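Reproduced below: my_file33.txt, with compact mmCIF, C-alpha atoms.
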# COMPACT_ATOMS: atom_id res chain seq x y z
CA LEU A 1 39.17 78.05 127.36
CA ILE A 2 41.81 79.71 129.48
CA VAL A 3 44.85 77.68 130.49
CA LYS A 4 46.83 78.95 133.44
CA CYS A 5 50.55 78.16 133.43
CA GLN A 6 52.49 78.34 136.60
CA PHE A 7 56.26 78.00 136.90
CA SER A 8 58.14 77.51 140.11
CA LEU A 9 61.01 79.87 140.95
CA SER A 10 63.49 77.05 140.43
CA THR A 11 62.11 76.42 136.93
CA ILE A 12 62.40 80.11 136.02
CA LEU A 13 65.98 80.25 137.30
CA PHE A 14 66.84 77.08 135.37
CA LEU A 15 65.45 78.53 132.14
CA PHE A 16 67.31 81.81 132.73
CA PHE A 17 70.68 80.19 133.33
CA PHE A 18 70.14 77.75 130.44
CA SER A 19 69.51 80.75 128.18
CA VAL A 20 72.65 82.51 129.42
CA LEU A 21 74.73 79.34 129.00
CA SER A 22 73.41 78.76 125.49
CA HIS A 23 74.27 82.34 124.52
CA ALA A 24 77.79 81.96 125.94
CA GLN A 25 78.33 78.74 124.02
CA ASN A 26 77.18 80.39 120.79
CA VAL A 27 79.57 83.37 120.92
CA GLU A 28 81.85 83.05 117.92
CA ARG A 29 85.51 84.02 117.89
CA PRO A 30 86.18 87.03 115.64
CA ALA A 31 88.95 86.67 113.08
CA LEU A 32 92.61 87.00 114.05
CA TYR A 33 94.63 88.44 111.18
CA GLY A 34 98.17 87.84 112.42
CA ILE A 35 100.93 89.62 114.31
CA ALA A 36 100.30 93.36 114.67
CA LYS A 37 103.17 94.45 116.90
CA MET A 38 105.51 93.72 119.77
CA THR A 39 106.13 96.36 122.44
CA TYR A 40 109.30 96.34 124.55
CA ARG A 41 110.92 98.22 127.35
CA ILE A 42 114.24 99.69 126.21
CA SER A 43 116.89 101.40 128.31
CA ASN A 44 116.66 104.60 126.24
CA PHE A 45 115.15 105.84 123.00
CA ASP A 46 118.61 106.54 121.57
CA LEU A 47 119.28 102.80 121.67
CA ALA A 48 115.99 102.14 119.86
CA GLN A 49 116.95 104.59 117.11
CA SER A 50 120.51 103.29 116.84
CA TYR A 51 119.61 99.60 116.81
CA TYR A 52 116.20 99.34 115.18
CA GLY A 53 116.35 102.56 113.18
CA GLU A 54 119.92 102.68 111.87
CA PHE A 55 121.25 99.12 112.19
CA LEU A 56 118.04 97.31 111.14
CA GLY A 57 116.80 100.18 108.98
CA PHE A 58 113.23 100.59 110.22
CA SER A 59 111.70 104.08 110.24
CA LYS A 60 110.29 105.63 113.38
CA ALA A 61 106.74 106.44 112.29
CA PHE A 62 105.23 108.22 115.29
CA SER A 63 104.97 108.39 119.08
CA TYR A 64 101.97 108.19 121.41
CA SER A 65 101.13 107.93 125.09
CA GLY A 66 100.79 104.55 126.82
CA LYS A 67 100.21 103.47 130.41
CA GLU A 68 103.99 103.14 130.95
CA GLY A 69 104.92 106.38 129.19
CA THR A 70 105.69 107.57 125.69
CA ILE A 71 105.76 104.84 123.05
CA ASP A 72 107.95 105.14 119.94
CA SER A 73 106.65 103.12 117.01
CA TYR A 74 108.93 101.69 114.28
CA LYS A 75 107.24 100.48 111.14
CA ILE A 76 107.86 97.05 109.57
CA ASN A 77 105.02 97.17 107.04
CA ASN A 78 101.53 98.67 106.88
CA ARG A 79 100.19 96.32 109.56
CA GLN A 80 103.23 95.37 111.66
CA PHE A 81 105.24 97.49 114.11
CA LEU A 82 107.93 97.26 116.78
CA GLU A 83 107.25 99.66 119.64
CA PHE A 84 109.33 100.80 122.59
CA VAL A 85 108.80 102.46 125.94
CA GLU A 86 111.80 103.94 127.73
CA ASP A 87 112.91 102.38 131.02
CA LYS A 88 116.48 102.90 132.23
CA ASN A 89 116.31 99.57 134.10
CA ALA A 90 115.00 97.62 131.11
CA SER A 91 117.95 95.24 131.01
CA LEU A 92 117.06 94.06 134.53
CA LYS A 93 113.34 93.53 133.85
CA LYS A 94 110.95 91.48 131.78
CA ARG A 95 111.23 93.53 128.64
CA LEU A 96 108.16 92.44 126.70
CA VAL A 97 105.31 94.84 127.41
CA SER A 98 102.92 93.02 125.08
CA VAL A 99 102.55 91.05 121.87
CA SER A 100 99.55 92.19 119.84
CA PHE A 101 97.42 90.16 117.47
CA GLU A 102 95.15 91.98 115.03
CA THR A 103 91.45 91.18 115.37
CA GLU A 104 88.52 92.23 113.20
CA ASN A 105 86.45 93.22 116.25
CA ALA A 106 87.86 93.88 119.72
CA GLN A 107 84.44 94.10 121.39
CA LYS A 108 83.39 90.71 120.03
CA MET A 109 86.73 89.31 121.13
CA GLN A 110 85.99 90.51 124.65
CA GLU A 111 82.59 88.79 124.61
CA TYR A 112 84.11 85.62 123.21
CA LEU A 113 86.95 85.41 125.74
CA LEU A 114 84.60 86.07 128.64
CA SER A 115 82.33 83.28 127.38
CA LYS A 116 85.36 80.97 127.59
CA GLY A 117 86.21 82.04 131.13
CA VAL A 118 89.36 83.96 130.19
CA ALA A 119 90.31 86.67 132.72
CA LEU A 120 90.81 90.10 131.16
CA ASP A 121 92.97 92.90 132.56
CA ARG A 122 90.29 95.43 131.61
CA ASP A 123 87.47 95.97 129.16
CA VAL A 124 88.15 97.10 125.59
CA TYR A 125 89.65 100.59 125.60
CA ILE A 126 91.01 103.12 123.11
CA ASP A 127 94.80 103.34 123.27
CA GLY A 128 96.85 106.50 122.84
CA ALA A 129 97.16 105.87 119.10
CA GLY A 130 93.39 105.64 118.62
CA ASN A 131 92.92 101.85 118.30
CA LYS A 132 90.60 99.51 120.20
CA VAL A 133 92.63 97.22 122.46
CA LEU A 134 91.89 94.28 124.74
CA LEU A 135 94.53 92.91 127.14
CA THR A 136 94.90 89.55 128.84
CA HIS A 137 97.76 87.21 129.79
CA ASP A 138 98.51 83.70 128.60
CA PRO A 139 99.16 80.90 131.15
CA SER A 140 102.90 81.69 131.16
CA GLY A 141 102.25 85.33 132.02
CA ILE A 142 102.86 86.75 128.53
CA PRO A 143 100.81 89.96 128.03
CA ILE A 144 98.56 89.33 125.01
CA GLU A 145 96.83 92.23 123.26
CA PHE A 146 94.07 92.00 120.70
CA ILE A 147 94.07 95.16 118.64
CA GLN A 148 91.52 96.48 116.18
CA TYR A 149 93.13 99.09 113.97
CA MET A 150 90.68 101.99 113.78
CA PRO A 151 90.20 104.57 111.01
CA GLY A 152 91.97 107.74 112.07
CA SER A 153 94.44 106.00 114.37
CA LYS A 154 98.14 106.76 114.07
CA HIS A 155 98.79 103.27 112.74
CA VAL A 156 96.18 103.53 110.01
CA LYS A 157 97.16 107.09 109.12
CA SER A 158 100.73 105.86 108.52
CA MET A 159 99.51 103.62 105.68
CA GLY A 160 101.95 103.78 102.77
CA ARG A 161 104.42 105.94 104.70
CA PHE A 162 107.58 105.31 106.77
CA LEU A 163 108.48 102.24 104.70
CA SER A 164 112.21 102.74 104.47
CA SER A 165 114.11 101.18 101.58
CA GLU A 166 116.84 100.48 104.16
CA ARG A 167 114.75 98.15 106.33
CA ILE A 168 116.43 94.79 106.68
CA ALA A 169 113.14 92.86 106.37
CA THR A 170 109.54 93.56 105.45
CA ARG A 171 107.55 91.08 107.56
CA ILE A 172 107.51 89.42 110.95
CA HIS A 173 107.30 85.69 110.16
CA HIS A 174 106.59 84.53 113.72
CA VAL A 175 107.02 85.57 117.31
CA GLY A 176 108.89 83.40 119.76
CA LEU A 177 107.09 83.43 123.12
CA TYR A 178 108.34 82.16 126.46
CA SER A 179 106.33 79.18 127.65
CA LYS A 180 106.52 77.44 131.01
CA GLN A 181 105.45 74.14 129.43
CA MET A 182 105.86 72.60 125.98
CA LEU A 183 102.27 71.55 125.30
CA GLU A 184 101.09 70.36 121.89
CA ASN A 185 97.50 71.36 122.62
CA PRO A 186 97.67 74.39 124.95
CA GLU A 187 94.10 75.29 125.88
CA PHE A 188 94.51 79.07 125.62
CA TYR A 189 96.04 79.06 122.14
CA THR A 190 94.55 76.03 120.40
CA GLN A 191 91.21 75.36 122.09
CA ILE A 192 90.19 78.96 122.80
CA LEU A 193 91.96 81.09 120.19
CA GLY A 194 91.94 78.46 117.45
CA PHE A 195 95.69 78.37 116.75
CA GLN A 196 96.79 75.23 114.90
CA LEU A 197 99.90 73.16 115.56
CA ILE A 198 101.70 73.02 112.21
CA LEU A 199 105.24 72.00 113.16
CA ARG A 200 106.56 69.75 115.89
CA ILE A 201 110.23 68.88 116.22
CA PRO A 202 110.84 66.01 116.55
CA GLU A 203 107.77 64.50 114.86
CA ASP A 204 107.96 61.41 117.10
CA ARG A 205 105.21 61.95 119.69
CA ASN A 206 106.99 59.58 122.08
CA VAL A 207 109.79 62.13 122.48
CA GLU A 208 109.47 65.48 124.28
CA PRO A 209 108.99 68.33 121.79
CA LYS A 210 111.96 70.64 121.24
CA LEU A 211 110.08 73.12 119.07
CA LEU A 212 106.40 73.89 118.46
CA TYR A 213 104.90 76.24 115.88
CA PHE A 214 101.25 77.30 116.07
CA ARG A 215 99.57 79.10 113.16
CA ILE A 216 97.39 82.11 113.95
CA PRO A 217 93.96 81.18 112.52
CA GLU A 218 93.22 83.67 109.74
CA SER A 219 96.83 84.30 108.73
CA ALA A 220 100.08 82.77 107.51
CA GLU A 221 101.92 83.86 110.69
CA MET A 222 102.80 81.89 113.78
CA ILE A 223 103.95 81.77 117.36
CA GLU A 224 106.88 79.62 118.44
CA HIS A 225 107.30 77.78 121.71
CA TYR A 226 110.80 76.63 122.58
CA PRO A 227 111.93 75.13 125.92
CA SER A 228 113.91 78.16 127.08
CA PRO A 229 114.22 78.97 130.80
CA ASP A 230 114.70 82.65 129.91
CA GLU A 231 111.57 84.75 130.50
CA ASN A 232 113.06 87.29 128.07
CA PHE A 233 113.08 84.69 125.28
CA ASN A 234 110.25 86.64 123.57
CA HIS A 235 111.35 87.91 120.15
CA PRO A 236 110.20 88.82 116.64
CA CYS A 237 111.47 86.64 113.82
CA PHE A 238 111.74 88.33 110.43
CA VAL A 239 111.58 86.43 107.16
CA THR A 240 114.40 86.86 104.66
CA MET A 241 114.69 85.19 101.28
CA ASP A 242 118.50 85.39 101.30
CA MET A 243 120.25 84.98 104.64
CA GLN A 244 123.70 85.60 103.18
CA GLU A 245 122.58 88.95 101.76
CA THR A 246 120.92 89.91 105.05
CA TYR A 247 124.08 89.05 106.96
CA SER A 248 126.25 90.96 104.47
CA ILE A 249 124.12 94.10 104.78
CA LEU A 250 124.25 93.99 108.57
CA ARG A 251 128.05 93.55 108.44
CA THR A 252 128.37 96.80 106.49
CA ARG A 253 126.14 98.65 108.99
CA LYS A 254 127.69 97.23 112.15
CA LYS A 255 129.31 99.71 114.53
CA THR A 256 129.29 98.46 118.11
CA GLU A 257 126.57 95.85 117.52
CA VAL A 258 127.44 92.19 118.05
CA LEU A 259 126.78 90.13 114.91
CA PRO A 260 127.29 86.36 115.22
CA PRO A 261 127.24 84.29 112.00
CA PRO A 262 124.09 82.54 110.74
CA GLY A 263 123.44 78.96 111.77
CA MET A 264 121.25 76.05 110.72
CA GLY A 265 118.11 75.63 112.81
CA MET A 266 116.32 72.43 113.81
CA GLY A 267 113.89 72.98 110.94
CA LYS A 268 116.78 72.82 108.42
CA ARG A 269 116.50 76.56 107.72
CA TRP A 270 119.16 79.24 107.98
CA LEU A 271 118.70 81.36 111.12
CA LEU A 272 120.38 84.49 112.42
CA ASN A 273 119.99 85.52 116.07
CA ILE A 274 121.14 88.92 117.33
CA TRP A 275 120.62 90.84 120.57
CA ASN A 276 120.54 94.54 121.40
CA GLN A 277 122.46 96.02 124.34
CA ASP A 278 119.58 95.27 126.72
CA GLY A 279 119.71 91.59 125.76
CA THR A 280 116.51 91.66 123.68
CA LYS A 281 116.60 89.19 120.81
CA VAL A 282 115.81 89.64 117.11
CA GLU A 283 115.76 86.62 114.81
CA PHE A 284 115.83 86.14 111.03
CA THR A 285 114.81 83.02 109.15
CA GLU A 286 114.69 81.81 105.60
CA PRO A 287 111.22 80.41 104.87
CA TYR A 288 112.34 77.16 103.24
CA MET A 289 114.49 74.21 104.19
CA SER A 290 118.10 74.50 103.08
CA ILE A 291 120.65 71.89 102.16
This entry written out as structure tokens:
Amino acid sequence: LIVKCQFSLSTILFLFFFSVLSHAQNVERPALYGIAKMTYRISNFDLAQSYYGEFLGFSKAFSYSGKEGTIDSYKINNRQFLEFVEDKNASLKKRLVSVSFETENAQKMQEYLLSKGVALDRDVYIDGAGNKVLLTHDPSGIPIEFIQYMPGSKHVKSMGRFLSSERIATRIHHVGLYSKQMLENPEFYTQILGFQLILRIPEDRNVEPKLLYFRIPESAEMIEHYPSPDENFNHPCFVTMDMQETYSILRTRKKTEVLPPPGMGMGKRWLLNIWNQDGTKVEFTEPYMSI
């Protein structure tokens, strides 16, 4: 007995698009392991060396070519870096070139983001340091990189090296990112990337939030949203166990740098905010509430 099956063109197209949609819905997000680096425009490399190298004590590990020119990389720890590209007009521009989150698989991240309808600047590419990189922008226009550190890249080859005993801190605790709106459930970060709201100040949901912290999924690191009108609000925040000691060390190193005293933040933690000559901010925080 032979049974002949006939499908209309509309049925075939329906089955095809249903298959594509099902595949898109089943794409899983690859792991995000925390803050990899922040890259800034700086008015000159001498300022980078003076401020981040001598004043803050981080070692310049290497240089490599980027789309905006030579990039100098300063090492925080084996997986975190501050990087700079020279631009004599940096003080007049948006200085953040990108904030980079480490992912286990850049290609899978590309597939995942496309399945969620996220617009990408370009497909995954190999950067000048030898890593796989994917670039997009968040709804506030912040350039967001997903980086997969590759064997043989400059970052991986620096493992265990350029870790100065003079560095003022050893880890970026969170990154403060400019946000046009203070949303407790921002689609890009929470619904797509899986970040989790872990701190809201004030806790009263009937009052507008003054501070929001979102944890990066597979890490103990965070991003901070604060209602600042300044598009150059973007900054790294380093963790210190002893703010008084950190402040004392910076006082002994200070030459022409401006060093305001520490203050108590809304989260009842000691904070120290400083700015380089271009107006780019660096923050320090103690990890626990203080009395």
* To do: Excluding Thr246 in chain A and residues on its chain fewer than 5 positions from it, collect all residues at most 12 Å away from it, counting only C-alpha atoms, and give them as a ChimeraX atom specification.
  => /A:55-57,166-170,238-241,251-253,259,261-262,270-273,283-286
* To do: To one decimal in Å, tell me the separation between CA of Lys255 in chain A and CA of Leu47 in chain A.
  => 12.7 Å
* Kindly provide, as a list in words, the polymer residues lying within 7 Å of (107.6, 84.2, 107.7), counting all atoms listed in the file and using the coordinates exactly as they appear in the file. => Arg171, Ile172, His173, His174, Glu221, Phe238, Val239 and Pro287 of chain A
* Residue nearest Tyr74 in chain A among A:Glu184, A:Glu231, A:Glu54, A:Asp242 (counting all atoms listed in the file) ->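 Using all atoms listed in the file, the shortest distance to Tyr74 in chain A belongs to A:Glu54.
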* **Separation of CA of Gly160 in chain A from CA of Asn131 in chain A, in Å and rounded to one decimal** => 18.1 Å
List every protein, DNA or RNA residue that has an atom no more than 6 Å from (98.2, 99.9, 126.4) in the file's coordinate frame, counting all atoms listed in the file, and report them as a PDB file with C-alpha atoms, in the frame of the given file.
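Output contents, as saved in point_31.pdb:
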ATOM      1  CA  GLY A  66     100.790 104.550 126.820  1.00  0.00           C
ATOM      2  CA  LYS A  67     100.210 103.470 130.410  1.00  0.00           C
ATOM      3  CA  ASP A 127      94.800 103.340 123.270  1.00  0.00           C
TER       4      ASP A 127
END
Using 8 Å as the limit and counting only C-alpha atoms, can you tabulate each residue of range 128-219 of chain A that touches range 93-111 of chain A, with its shortest atom-to-atom distance in Å and the two atoms involved, as a Markdown table?
| residue | atom | partner | partner_atom | distance |
| --- | --- | --- | --- | --- |
| A:Lys132 | CA | A:Ala106 | CA | 6.3 |
| A:Val133 | CA | A:Ala106 | CA | 6.4 |
| A:Leu134 | CA | A:Ala106 | CA | 6.4 |
| A:Ile142 | CA | A:Ser98 | CA | 7.2 |
| A:Pro143 | CA | A:Ser98 | CA | 4.7 |
| A:Ile144 | CA | A:Val99 | CA | 5.4 |
| A:Glu145 | CA | A:Ser100 | CA | 4.4 |
| A:Phe146 | CA | A:Phe101 | CA | 5.0 |
| A:Ile147 | CA | A:Glu102 | CA | 4.9 |
| A:Gln148 | CA | A:Thr103 | CA | 5.4 |
| A:Tyr149 | CA | A:Glu102 | CA | 7.5 |
With C-alpha atoms retained, write the just-selected residues as an mmCIF file, keeping the file's coordinate frame.
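Written out: out.cif:
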data_model
loop_
_atom_site.group_PDB
_atom_site.id
_atom_site.type_symbol
_atom_site.label_atom_id
_atom_site.label_comp_id
_atom_site.auth_asym_id
_atom_site.auth_seq_id
_atom_site.Cartn_x
_atom_site.Cartn_y
_atom_site.Cartn_z
ATOM 1 C CA LYS A 132 90.600 99.510 120.200
ATOM 2 C CA VAL A 133 92.630 97.220 122.460
ATOM 3 C CA LEU A 134 91.890 94.280 124.740
ATOM 4 C CA ILE A 142 102.860 86.750 128.530
ATOM 5 C CA PRO A 143 100.810 89.960 128.030
ATOM 6 C CA ILE A 144 98.560 89.330 125.010
ATOM 7 C CA GLU A 145 96.830 92.230 123.260
ATOM 8 C CA PHE A 146 94.070 92.000 120.700
ATOM 9 C CA ILE A 147 94.070 95.160 118.640
ATOM 10 C CA GLN A 148 91.520 96.480 116.180
ATOM 11 C CA TYR A 149 93.130 99.090 113.970
#
* Which distance in Å separates CA of Val282 in chain A and CA of Tyr40 in chain A, to one decimal? ->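 Value for the CA of Val282 in chain A-CA of Tyr40 in chain A distance: 11.9 Å.
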* For Arg29 in chain A, which residue out of A:Met159, A:Val175, A:Leu193, A:Leu199 is the nearest one, using only C-alpha atoms? ->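 Using only C-alpha atoms, the shortest distance to Arg29 in chain A belongs to A:Leu193.
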* **Residue nearest Glu28 in chain A among A:Thr190, A:Gln196, A:Ser91, A:Ser115 (counting only C-alpha atoms)** =>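 Counting only C-alpha atoms, the residue closest to Glu28 in chain A is A:Ser115.
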* Have a look at A:Glu208, A:Glu218, A:Asp278, A:Asp230 and name the one nearest to Arg41 in chain A; count all atoms listed in the file. =>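 That would be A:Asp278, the residue with the smallest distance to Arg41 in chain A.
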* To do: Go through A:Leu183, A:Gly267, A:Pro260, A:Lys281 one by one, measure the shortest atom-to-atom distance of each to Pro202 in chain A using only C-alpha atoms, and give the residue with the smallest value.
  =>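 Closest residue, counting only C-alpha atoms: A:Gly267.
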* Structure fact -> Counting only C-alpha atoms, the residue among A:Asn232, A:Phe195, A:Leu163, A:Ala48 that lies closest to Ala220 in chain A is A:Phe195
